[in-house]
file target_21.cif (mmCIF, C-alpha atoms)
data_entry
loop_
_atom_site.group_PDB
_atom_site.id
_atom_site.type_symbol
_atom_site.label_atom_id
_atom_site.label_comp_id
_atom_site.auth_asym_id
_atom_site.auth_seq_id
_atom_site.Cartn_x
_atom_site.Cartn_y
_atom_site.Cartn_z
ATOM 1 C CA MET P 134 49.919 1.204 62.051
ATOM 2 C CA LEU P 135 47.210 1.547 59.408
ATOM 3 C CA ASP P 136 43.643 0.947 60.531
ATOM 4 C CA ARG P 137 42.104 -1.523 58.060
ATOM 5 C CA ARG P 138 38.536 -0.260 58.418
ATOM 6 C CA ARG P 139 39.604 3.367 57.878
ATOM 7 C CA VAL P 140 41.684 2.551 54.814
ATOM 8 C CA LEU P 141 38.938 0.418 53.254
ATOM 9 C CA ARG P 142 36.402 3.168 53.948
ATOM 10 C CA THR P 143 38.676 5.676 52.203
ATOM 11 C CA ILE P 144 39.122 3.358 49.222
ATOM 12 C CA ALA P 145 35.363 2.760 49.049
ATOM 13 C CA GLY P 146 34.794 6.513 49.058
ATOM 14 C CA LEU P 147 37.188 6.945 46.164
ATOM 15 C CA PHE P 148 35.413 4.226 44.195
ATOM 16 C CA LEU P 149 32.019 5.743 44.865
ATOM 17 C CA ALA P 150 33.367 9.120 43.772
ATOM 18 C CA MET P 151 34.119 7.436 40.444
ATOM 19 C CA ALA P 152 30.680 5.966 39.738
ATOM 20 C CA GLY P 153 31.795 3.192 37.365
ATOM 21 C CA PRO P 154 34.582 1.646 39.459
ATOM 22 C CA GLY P 155 32.496 2.161 42.593
ATOM 23 C CA ALA P 156 29.578 0.172 41.218
ATOM 24 C CA TYR P 157 31.921 -2.547 40.008
ATOM 25 C CA ALA P 158 33.640 -2.880 43.403
ATOM 26 C CA ALA P 159 30.431 -2.760 45.427
ATOM 27 C CA VAL P 160 28.036 -4.711 43.207
ATOM 28 C CA TRP P 161 29.628 -6.687 40.393
ATOM 29 C CA GLU P 162 32.930 -8.154 41.555
ATOM 30 C CA PRO P 163 31.807 -9.383 45.025
ATOM 31 C CA GLY P 164 29.086 -11.442 43.313
ATOM 32 C CA ARG P 165 31.439 -13.199 40.902
ATOM 33 C CA GLN P 166 32.634 -16.738 41.494
ATOM 34 C CA ASN P 167 35.936 -17.885 39.992
ATOM 35 C CA VAL P 168 37.824 -21.148 40.182
ATOM 36 C CA THR P 169 41.538 -20.508 40.716
ATOM 37 C CA ARG P 170 43.722 -23.493 39.847
ATOM 38 C CA TYR P 171 47.214 -24.367 41.021
ATOM 39 C CA ARG P 172 49.351 -27.347 40.025
ATOM 40 C CA LEU P 173 52.104 -28.002 42.574
ATOM 41 C CA THR P 174 54.662 -30.636 43.396
ATOM 42 C CA PRO P 175 55.805 -29.563 46.864
ATOM 43 C CA ARG P 176 59.029 -30.719 48.428
ATOM 44 C CA GLY P 177 58.625 -34.231 49.771
ATOM 45 C CA TRP P 178 55.554 -35.031 47.723
ATOM 46 C CA PRO P 179 55.756 -38.717 46.647
ATOM 47 C CA GLU P 180 56.593 -39.160 42.981
ATOM 48 C CA GLY P 181 53.723 -40.289 40.798
ATOM 49 C CA ARG P 182 51.002 -39.566 43.381
ATOM 50 C CA ARG P 183 48.213 -37.155 42.541
ATOM 51 C CA LEU P 184 45.646 -35.479 44.762
ATOM 52 C CA ARG P 185 42.983 -32.832 44.084
ATOM 53 C CA LEU P 186 42.210 -30.371 46.876
ATOM 54 C CA ALA P 187 39.264 -27.974 46.826
ATOM 55 C CA VAL P 188 39.679 -25.063 49.251
ATOM 56 C CA LEU P 189 36.927 -22.720 50.450
ATOM 57 C CA SER P 190 37.718 -19.837 52.750
ATOM 58 C CA ASP P 191 36.102 -16.767 54.311
ATOM 59 C CA LEU P 192 32.506 -17.458 53.351
ATOM 60 C CA HIS P 193 31.269 -14.761 55.760
ATOM 61 C CA VAL P 194 27.720 -16.013 55.321
ATOM 62 C CA GLY P 195 25.166 -13.325 56.117
ATOM 63 C CA SER P 196 27.278 -10.547 54.636
ATOM 64 C CA LEU P 197 25.762 -8.532 51.805
ATOM 65 C CA HIS P 198 26.844 -10.774 48.936
ATOM 66 C CA VAL P 199 26.702 -14.197 50.626
ATOM 67 C CA PRO P 200 23.178 -15.290 51.538
ATOM 68 C CA LEU P 201 22.541 -18.956 52.292
ATOM 69 C CA ALA P 202 21.417 -19.519 48.692
ATOM 70 C CA ARG P 203 24.902 -18.622 47.498
ATOM 71 C CA VAL P 204 26.364 -21.304 49.756
ATOM 72 C CA SER P 205 24.238 -23.823 47.856
ATOM 73 C CA ASP P 206 25.745 -22.592 44.584
ATOM 74 C CA LEU P 207 29.260 -22.784 46.031
ATOM 75 C CA VAL P 208 28.672 -26.346 47.206
ATOM 76 C CA ALA P 209 27.440 -27.409 43.762
ATOM 77 C CA ALA P 210 30.369 -25.709 42.007
ATOM 78 C CA THR P 211 32.887 -27.264 44.394
ATOM 79 C CA ASN P 212 31.405 -30.747 44.036
ATOM 80 C CA ALA P 213 31.581 -30.392 40.236
ATOM 81 C CA LEU P 214 35.384 -30.140 40.531
ATOM 82 C CA LYS P 215 35.477 -33.751 41.835
ATOM 83 C CA PRO P 216 38.034 -33.096 44.595
ATOM 84 C CA ASP P 217 39.635 -35.841 46.636
ATOM 85 C CA LEU P 218 39.597 -33.571 49.708
ATOM 86 C CA THR P 219 37.561 -30.450 50.376
ATOM 87 C CA LEU P 220 39.105 -28.176 52.985
ATOM 88 C CA LEU P 221 37.317 -25.273 54.688
ATOM 89 C CA VAL P 222 39.773 -22.801 56.172
ATOM 90 C CA GLY P 223 37.639 -20.638 58.420
ATOM 91 C CA ASP P 224 35.523 -17.490 58.832
ATOM 92 C CA PHE P 225 32.136 -19.013 58.153
ATOM 93 C CA VAL P 226 30.152 -16.109 59.636
ATOM 94 C CA ALA P 227 29.828 -12.427 58.770
ATOM 95 C CA SER P 228 32.380 -9.986 60.180
ATOM 96 C CA ARG P 229 29.886 -8.434 62.608
ATOM 97 C CA ALA P 230 27.558 -9.501 65.398
ATOM 98 C CA ARG P 231 24.832 -11.879 64.243
ATOM 99 C CA ILE P 232 21.462 -10.363 63.318
ATOM 100 C CA ALA P 233 17.979 -11.862 63.078
ATOM 101 C CA SER P 234 18.078 -12.232 59.284
ATOM 102 C CA ASP P 235 21.247 -14.352 59.336
ATOM 103 C CA PRO P 236 20.730 -18.051 58.579
ATOM 104 C CA SER P 237 21.076 -20.258 61.610
ATOM 105 C CA LEU P 238 24.392 -21.990 62.098
ATOM 106 C CA ALA P 239 22.583 -25.325 61.767
ATOM 107 C CA GLU P 240 21.254 -24.274 58.335
ATOM 108 C CA LEU P 241 24.705 -23.154 57.229
ATOM 109 C CA ALA P 242 26.325 -26.370 58.431
ATOM 110 C CA ALA P 243 23.635 -28.454 56.711
ATOM 111 C CA GLU P 244 24.409 -26.763 53.386
ATOM 112 C CA LEU P 245 28.143 -27.350 53.816
ATOM 113 C CA ALA P 246 27.440 -30.985 54.734
ATOM 114 C CA ARG P 247 26.357 -31.437 51.101
ATOM 115 C CA LEU P 248 29.990 -31.074 50.028
ATOM 116 C CA GLU P 249 31.286 -34.289 48.495
ATOM 117 C CA ALA P 250 34.907 -35.405 48.359
ATOM 118 C CA ARG P 251 36.315 -38.893 47.970
ATOM 119 C CA ASP P 252 38.572 -38.648 51.018
ATOM 120 C CA GLY P 253 36.507 -36.313 53.169
ATOM 121 C CA VAL P 254 35.609 -32.745 54.091
ATOM 122 C CA PHE P 255 37.489 -31.048 56.951
ATOM 123 C CA ALA P 256 37.490 -27.590 58.525
ATOM 124 C CA VAL P 257 39.353 -25.158 60.737
ATOM 125 C CA LEU P 258 37.834 -22.046 62.300
ATOM 126 C CA GLY P 259 38.711 -18.411 61.646
ATOM 127 C CA ASN P 260 38.932 -15.374 63.874
ATOM 128 C CA HIS P 261 35.379 -14.183 63.159
ATOM 129 C CA ASP P 262 34.003 -17.585 64.156
ATOM 130 C CA TRP P 263 35.501 -16.783 67.572
ATOM 131 C CA TRP P 264 35.091 -13.014 67.772
ATOM 132 C CA HIS P 265 31.320 -13.048 67.199
ATOM 133 C CA ASP P 266 30.638 -15.839 69.692
ATOM 134 C CA GLU P 267 29.920 -13.824 72.840
ATOM 135 C CA PRO P 268 29.917 -16.705 75.383
ATOM 136 C CA THR P 269 33.230 -17.938 74.007
ATOM 137 C CA GLN P 270 34.776 -14.474 74.320
ATOM 138 C CA GLN P 271 33.514 -14.095 77.873
ATOM 139 C CA LEU P 272 34.725 -17.531 78.989
ATOM 140 C CA ARG P 273 37.996 -17.185 77.034
ATOM 141 C CA GLN P 274 37.631 -20.745 75.803
ATOM 142 C CA GLY P 275 35.739 -22.877 73.290
ATOM 143 C CA PRO P 276 33.983 -24.703 71.898
ATOM 144 C CA THR P 277 32.515 -22.187 69.495
ATOM 145 C CA GLN P 278 28.948 -22.385 68.222
ATOM 146 C CA VAL P 279 30.247 -22.553 64.644
ATOM 147 C CA GLY P 280 32.527 -25.463 65.466
ATOM 148 C CA LEU P 281 29.744 -27.367 67.223
ATOM 149 C CA ALA P 282 27.359 -26.844 64.282
ATOM 150 C CA LEU P 283 29.922 -28.159 61.789
ATOM 151 C CA GLU P 284 30.719 -31.199 63.921
ATOM 152 C CA ARG P 285 27.015 -32.004 64.363
ATOM 153 C CA ALA P 286 26.635 -31.862 60.575
ATOM 154 C CA GLY P 287 29.440 -34.405 60.189
ATOM 155 C CA ILE P 288 32.294 -32.048 59.243
ATOM 156 C CA PRO P 289 35.347 -32.639 61.475
ATOM 157 C CA VAL P 290 36.910 -29.455 62.838
ATOM 158 C CA LEU P 291 40.663 -29.839 63.274
ATOM 159 C CA GLU P 292 41.710 -27.561 66.120
ATOM 160 C CA ASN P 293 45.366 -28.172 66.974
ATOM 161 C CA LYS P 294 44.812 -31.679 65.691
ATOM 162 C CA ALA P 295 46.399 -33.916 63.060
ATOM 163 C CA VAL P 296 44.813 -36.995 61.469
ATOM 164 C CA ARG P 297 46.349 -39.601 59.194
ATOM 165 C CA LEU P 298 44.291 -40.317 56.091
ATOM 166 C CA GLU P 299 44.429 -42.927 53.370
ATOM 167 C CA THR P 300 43.735 -40.843 50.280
ATOM 168 C CA ALA P 301 43.666 -41.192 46.519
ATOM 169 C CA GLY P 302 47.254 -39.911 46.620
ATOM 170 C CA GLY P 303 48.351 -42.389 49.282
ATOM 171 C CA PRO P 304 48.788 -41.873 53.035
ATOM 172 C CA LEU P 305 48.662 -38.264 54.171
ATOM 173 C CA TRP P 306 48.704 -36.264 57.398
ATOM 174 C CA LEU P 307 46.080 -33.517 57.517
ATOM 175 C CA ALA P 308 46.561 -31.009 60.336
ATOM 176 C CA GLY P 309 44.516 -28.046 61.487
ATOM 177 C CA LEU P 310 45.826 -25.178 63.604
ATOM 178 C CA GLY P 311 43.719 -23.350 66.187
ATOM 179 C CA ASP P 312 43.026 -19.739 65.358
ATOM 180 C CA GLN P 313 45.960 -17.387 65.958
ATOM 181 C CA ILE P 314 43.856 -14.370 67.059
ATOM 182 C CA ALA P 315 40.840 -16.091 68.606
ATOM 183 C CA PHE P 316 40.318 -13.844 71.631
ATOM 184 C CA LEU P 317 39.871 -10.097 71.482
ATOM 185 C CA SER P 318 41.843 -8.153 74.098
ATOM 186 C CA ARG P 319 41.004 -4.539 74.842
ATOM 187 C CA GLY P 320 43.978 -2.362 73.979
ATOM 188 C CA ARG P 321 46.187 -5.354 73.217
ATOM 189 C CA ARG P 322 46.825 -7.740 70.346
ATOM 190 C CA PRO P 323 44.227 -10.548 70.164
ATOM 191 C CA ARG P 324 45.335 -13.811 71.765
ATOM 192 C CA GLY P 325 45.292 -17.097 69.893
ATOM 193 C CA ILE P 326 44.655 -20.719 70.758
ATOM 194 C CA ASP P 327 47.107 -22.020 68.161
ATOM 195 C CA ASP P 328 49.505 -24.734 69.279
ATOM 196 C CA LEU P 329 51.833 -25.489 66.393
ATOM 197 C CA ALA P 330 54.258 -27.581 68.446
ATOM 198 C CA GLY P 331 51.451 -29.632 69.979
ATOM 199 C CA THR P 332 49.859 -30.201 66.580
ATOM 200 C CA MET P 333 53.135 -31.307 65.007
ATOM 201 C CA ALA P 334 53.799 -33.664 67.955
ATOM 202 C CA GLN P 335 50.805 -35.751 66.867
ATOM 203 C CA ILE P 336 52.476 -36.555 63.533
ATOM 204 C CA THR P 337 54.480 -39.762 63.715
ATOM 205 C CA ASP P 338 57.900 -40.143 62.176
ATOM 206 C CA ASP P 339 56.878 -41.626 58.842
ATOM 207 C CA ASP P 340 57.285 -40.327 55.297
ATOM 208 C CA ALA P 341 53.638 -39.418 54.651
ATOM 209 C CA PRO P 342 53.341 -35.771 53.511
ATOM 210 C CA VAL P 343 51.725 -33.201 55.819
ATOM 211 C CA ILE P 344 49.129 -30.608 54.777
ATOM 212 C CA MET P 345 48.481 -27.865 57.346
ATOM 213 C CA MET P 346 45.279 -25.812 57.444
ATOM 214 C CA ALA P 347 45.799 -22.477 59.240
ATOM 215 C CA HIS P 348 43.276 -19.657 58.831
ATOM 216 C CA GLU P 349 45.797 -16.811 59.151
ATOM 217 C CA PRO P 350 48.867 -17.196 56.919
ATOM 218 C CA ASP P 351 51.332 -15.465 59.281
ATOM 219 C CA VAL P 352 52.256 -18.782 60.905
ATOM 220 C CA PHE P 353 53.911 -19.822 57.631
ATOM 221 C CA ALA P 354 56.995 -17.808 58.627
ATOM 222 C CA ARG P 355 57.689 -20.415 61.332
ATOM 223 C CA MET P 356 56.157 -23.498 59.737
ATOM 224 C CA PRO P 357 58.398 -26.592 60.159
ATOM 225 C CA ASP P 358 59.988 -28.120 57.070
ATOM 226 C CA ARG P 359 58.030 -31.324 57.832
ATOM 227 C CA VAL P 360 54.902 -29.587 56.510
ATOM 228 C CA THR P 361 54.522 -30.177 52.778
ATOM 229 C CA LEU P 362 51.870 -27.524 52.092
ATOM 230 C CA THR P 363 50.166 -24.825 54.178
ATOM 231 C CA LEU P 364 46.662 -23.611 53.257
ATOM 232 C CA SER P 365 45.297 -20.297 54.535
ATOM 233 C CA GLY P 366 42.715 -17.579 53.960
ATOM 234 C CA HIS P 367 41.899 -14.581 56.184
ATOM 235 C CA THR P 368 43.441 -11.824 54.055
ATOM 236 C CA HIS P 369 40.814 -11.760 51.252
ATOM 237 C CA GLY P 370 43.841 -10.918 49.105
ATOM 238 C CA GLY P 371 43.596 -7.463 50.644
ATOM 239 C CA GLN P 372 40.031 -7.203 49.259
ATOM 240 C CA VAL P 373 41.298 -4.402 46.992
ATOM 241 C CA ARG P 374 44.277 -5.115 44.711
ATOM 242 C CA PHE P 375 46.028 -3.033 42.086
ATOM 243 C CA LEU P 376 48.340 -4.935 39.711
ATOM 244 C CA GLY P 377 48.917 -7.680 42.279
ATOM 245 C CA TRP P 378 49.460 -5.317 45.231
ATOM 246 C CA ALA P 379 47.048 -4.583 48.091
ATOM 247 C CA PRO P 380 47.210 -1.258 49.968
ATOM 248 C CA ILE P 381 46.261 -2.938 53.239
ATOM 249 C CA VAL P 382 46.454 -6.581 54.327
ATOM 250 C CA PRO P 383 45.462 -7.934 57.776
ATOM 251 C CA SER P 384 48.877 -9.519 58.311
ATOM 252 C CA ARG P 385 52.006 -8.407 60.120
ATOM 253 C CA TYR P 386 53.862 -9.308 56.910
ATOM 254 C CA GLY P 387 51.865 -7.039 54.599
ATOM 255 C CA ASN P 388 51.788 -8.286 51.016
ATOM 256 C CA ARG P 389 54.292 -11.070 51.646
ATOM 257 C CA TYR P 390 51.510 -13.580 52.409
ATOM 258 C CA ALA P 391 48.562 -11.622 51.041
ATOM 259 C CA TYR P 392 47.431 -13.940 48.283
ATOM 260 C CA GLY P 393 48.157 -16.904 46.042
ATOM 261 C CA HIS P 394 51.025 -19.371 45.878
ATOM 262 C CA VAL P 395 54.065 -18.442 47.938
ATOM 263 C CA ARG P 396 57.264 -20.502 47.994
ATOM 264 C CA GLU P 397 59.893 -19.704 50.620
ATOM 265 C CA ASN P 398 62.941 -21.799 51.463
ATOM 266 C CA GLY P 399 61.477 -24.763 49.626
ATOM 267 C CA ARG P 400 58.180 -24.562 51.559
ATOM 268 C CA ASP P 401 54.788 -23.948 49.903
ATOM 269 C CA LEU P 402 51.833 -21.819 50.991
ATOM 270 C CA VAL P 403 48.571 -21.151 49.154
ATOM 271 C CA VAL P 404 46.435 -18.255 50.421
ATOM 272 C CA SER P 405 42.852 -18.136 49.156
ATOM 273 C CA GLY P 406 41.234 -14.798 48.331
ATOM 274 C CA GLY P 407 38.056 -16.184 49.893
ATOM 275 C CA ILE P 408 34.397 -15.692 49.064
ATOM 276 C CA GLY P 409 32.851 -12.979 51.238
ATOM 277 C CA THR P 410 33.904 -9.546 52.385
ATOM 278 C CA SER P 411 34.909 -8.065 55.731
ATOM 279 C CA GLN P 412 34.466 -4.561 57.157
ATOM 280 C CA LEU P 413 33.131 -3.123 53.884
ATOM 281 C CA PRO P 414 31.222 -4.992 51.125
ATOM 282 C CA ILE P 415 33.641 -4.218 48.285
ATOM 283 C CA ARG P 416 36.127 -6.146 46.177
ATOM 284 C CA PHE P 417 38.337 -4.793 43.434
ATOM 285 C CA GLY P 418 40.969 -6.794 41.557
ATOM 286 C CA ILE P 419 40.437 -9.877 43.728
ATOM 287 C CA PRO P 420 37.134 -11.622 42.885
ATOM 288 C CA PRO P 421 35.709 -14.399 45.096
ATOM 289 C CA GLU P 422 37.219 -17.783 44.376
ATOM 290 C CA ILE P 423 37.071 -21.495 44.907
ATOM 291 C CA VAL P 424 40.653 -22.793 44.937
ATOM 292 C CA LEU P 425 41.538 -26.085 43.255
ATOM 293 C CA ILE P 426 45.035 -27.444 43.925
ATOM 294 C CA GLU P 427 46.321 -30.418 41.953
ATOM 295 C CA LEU P 428 49.259 -32.022 43.736
ATOM 296 C CA GLY P 429 51.771 -34.211 41.960
#

call {"tool": "encode", "arguments": {"input": "target_21.cif", "output": "structure tokens"}}
result
Amino acid sequence: MLDRRRVLRTIAGLFLAMAGPGAYAAVWEPGRQNVTRYRLTPRGWPEGRRLRLAVLSDLHVGSLHVPLARVSDLVAATNALKPDLTLLVGDFVASRARIASDPSLAELAAELARLEARDGVFAVLGNHDWWHDEPTQQLRQGPTQVGLALERAGIPVLENKAVRLETAGGPLWLAGLGDQIAFLSRGRRPRGIDDLAGTMAQITDDDAPVIMMAHEPDVFARMPDRVTLTLSGHTHGGQVRFLGWAPIVPSRYGNRYAYGHVRENGRDLVVSGGIGTSQLPIRFGIPPEIVLIELG
């Protein structure tokens, strides 16, 4: 089993050994901000209905390239896309213990509360939102401080919860899965709080499409056919990509769900490359992105 930190450190060393690529990966690319667009008509999507989704993932605010001021820029850029729904798919905090210079969670949530979308802004949490919340790890239960801050700022956090919305594209079920690796376990695989069956049980037997927000994409392998579209982050696209391939991806499926639009057995998944960085502050071949999905 490859150790992600060790592999990324090796890759970073190789880049730094080649001064040009090293500077690009450590300084230039992580500071970029792309808009990646997808136009999809998933199975079961009602004919003639259109919906615009903006997706932000893996902000990792407080990391080297994502100060609070950059969140303000991201909010403005996302609002300019005029989405019907803006969906935040986890990992709001840096991939390390909080330090004094980090913005407060209330400040971060207040910036995100400036997001504007006709049919609402919703969130799920990521593993780092759990892992770096010491009381939560000790008690082995939530709520997390990140989740509380978002809720207080007026952003609903969907944790094993589904809500029915009346949107610009008609009625829609929006579901959010609890994190799949929320609790660190010494010497064992992290334990999750995800409850896919319980979340799906909240969806009534109507014909409204279902969009599922799940921070880690691995759950897509067992996602029910009732789900029209799954949205994930977590992988950062591998954070280093060569010709569409990443040498290491934090997923049991490797590159299968590493990045972008994946269609399997008539089911659709979109994995965002995210904004921030984890473990090491480098990106190569996978710049930060806001994702815009046009359905229908």

call {"tool": "closest_residue", "arguments": {"input": "target_21.cif", "among": "P:Ile408, P:Leu192, P:Ala354, P:Val403", "to": "P:Arg172", "atoms": "only C-alpha atoms"}}
result
P:Val403

call {"tool": "residues_around", "arguments": {"input": "target_21.cif", "residues": "stretch 383-394 of chain P", "least_positions_apart": "5", "cutoff": "6 Å", "atoms": "all atoms listed in the file", "output": "PDB file with C-alpha atoms, keeping the file's coordinate frame"}}
result
ATOM      1  CA  THR P 368      43.441 -11.824  54.055  1.00  0.00           C
ATOM      2  CA  GLY P 370      43.841 -10.918  49.105  1.00  0.00           C
ATOM      3  CA  LEU P 402      51.833 -21.819  50.991  1.00  0.00           C
ATOM      4  CA  VAL P 403      48.571 -21.151  49.154  1.00  0.00           C
ATOM      5  CA  VAL P 404      46.435 -18.255  50.421  1.00  0.00           C
TER       6      VAL P 404
END

call {"tool": "resolve_selection", "arguments": {"input": "target_21.cif", "expression": "the PyMOL selection byres ((chain P and resi 238) around 9)", "output": "VMD selection string"}}
result
chain P and resid 226 235 to 237 239 to 243 278 to 279 282 to 283

call {"tool": "closest_residue", "arguments": {"input": "target_21.cif", "among": "P:Ala213, P:Leu189, P:Arg183, P:Ala379", "to": "P:Ala301", "atoms": "all atoms listed in the file"}}
result
P:Arg183

call {"tool": "closest_residue", "arguments": {"input": "target_21.cif", "among": "P:Pro175, P:Gly418, P:Pro323, P:Gly406", "to": "P:Pro380", "atoms": "only C-alpha atoms"}}
result
P:Gly418
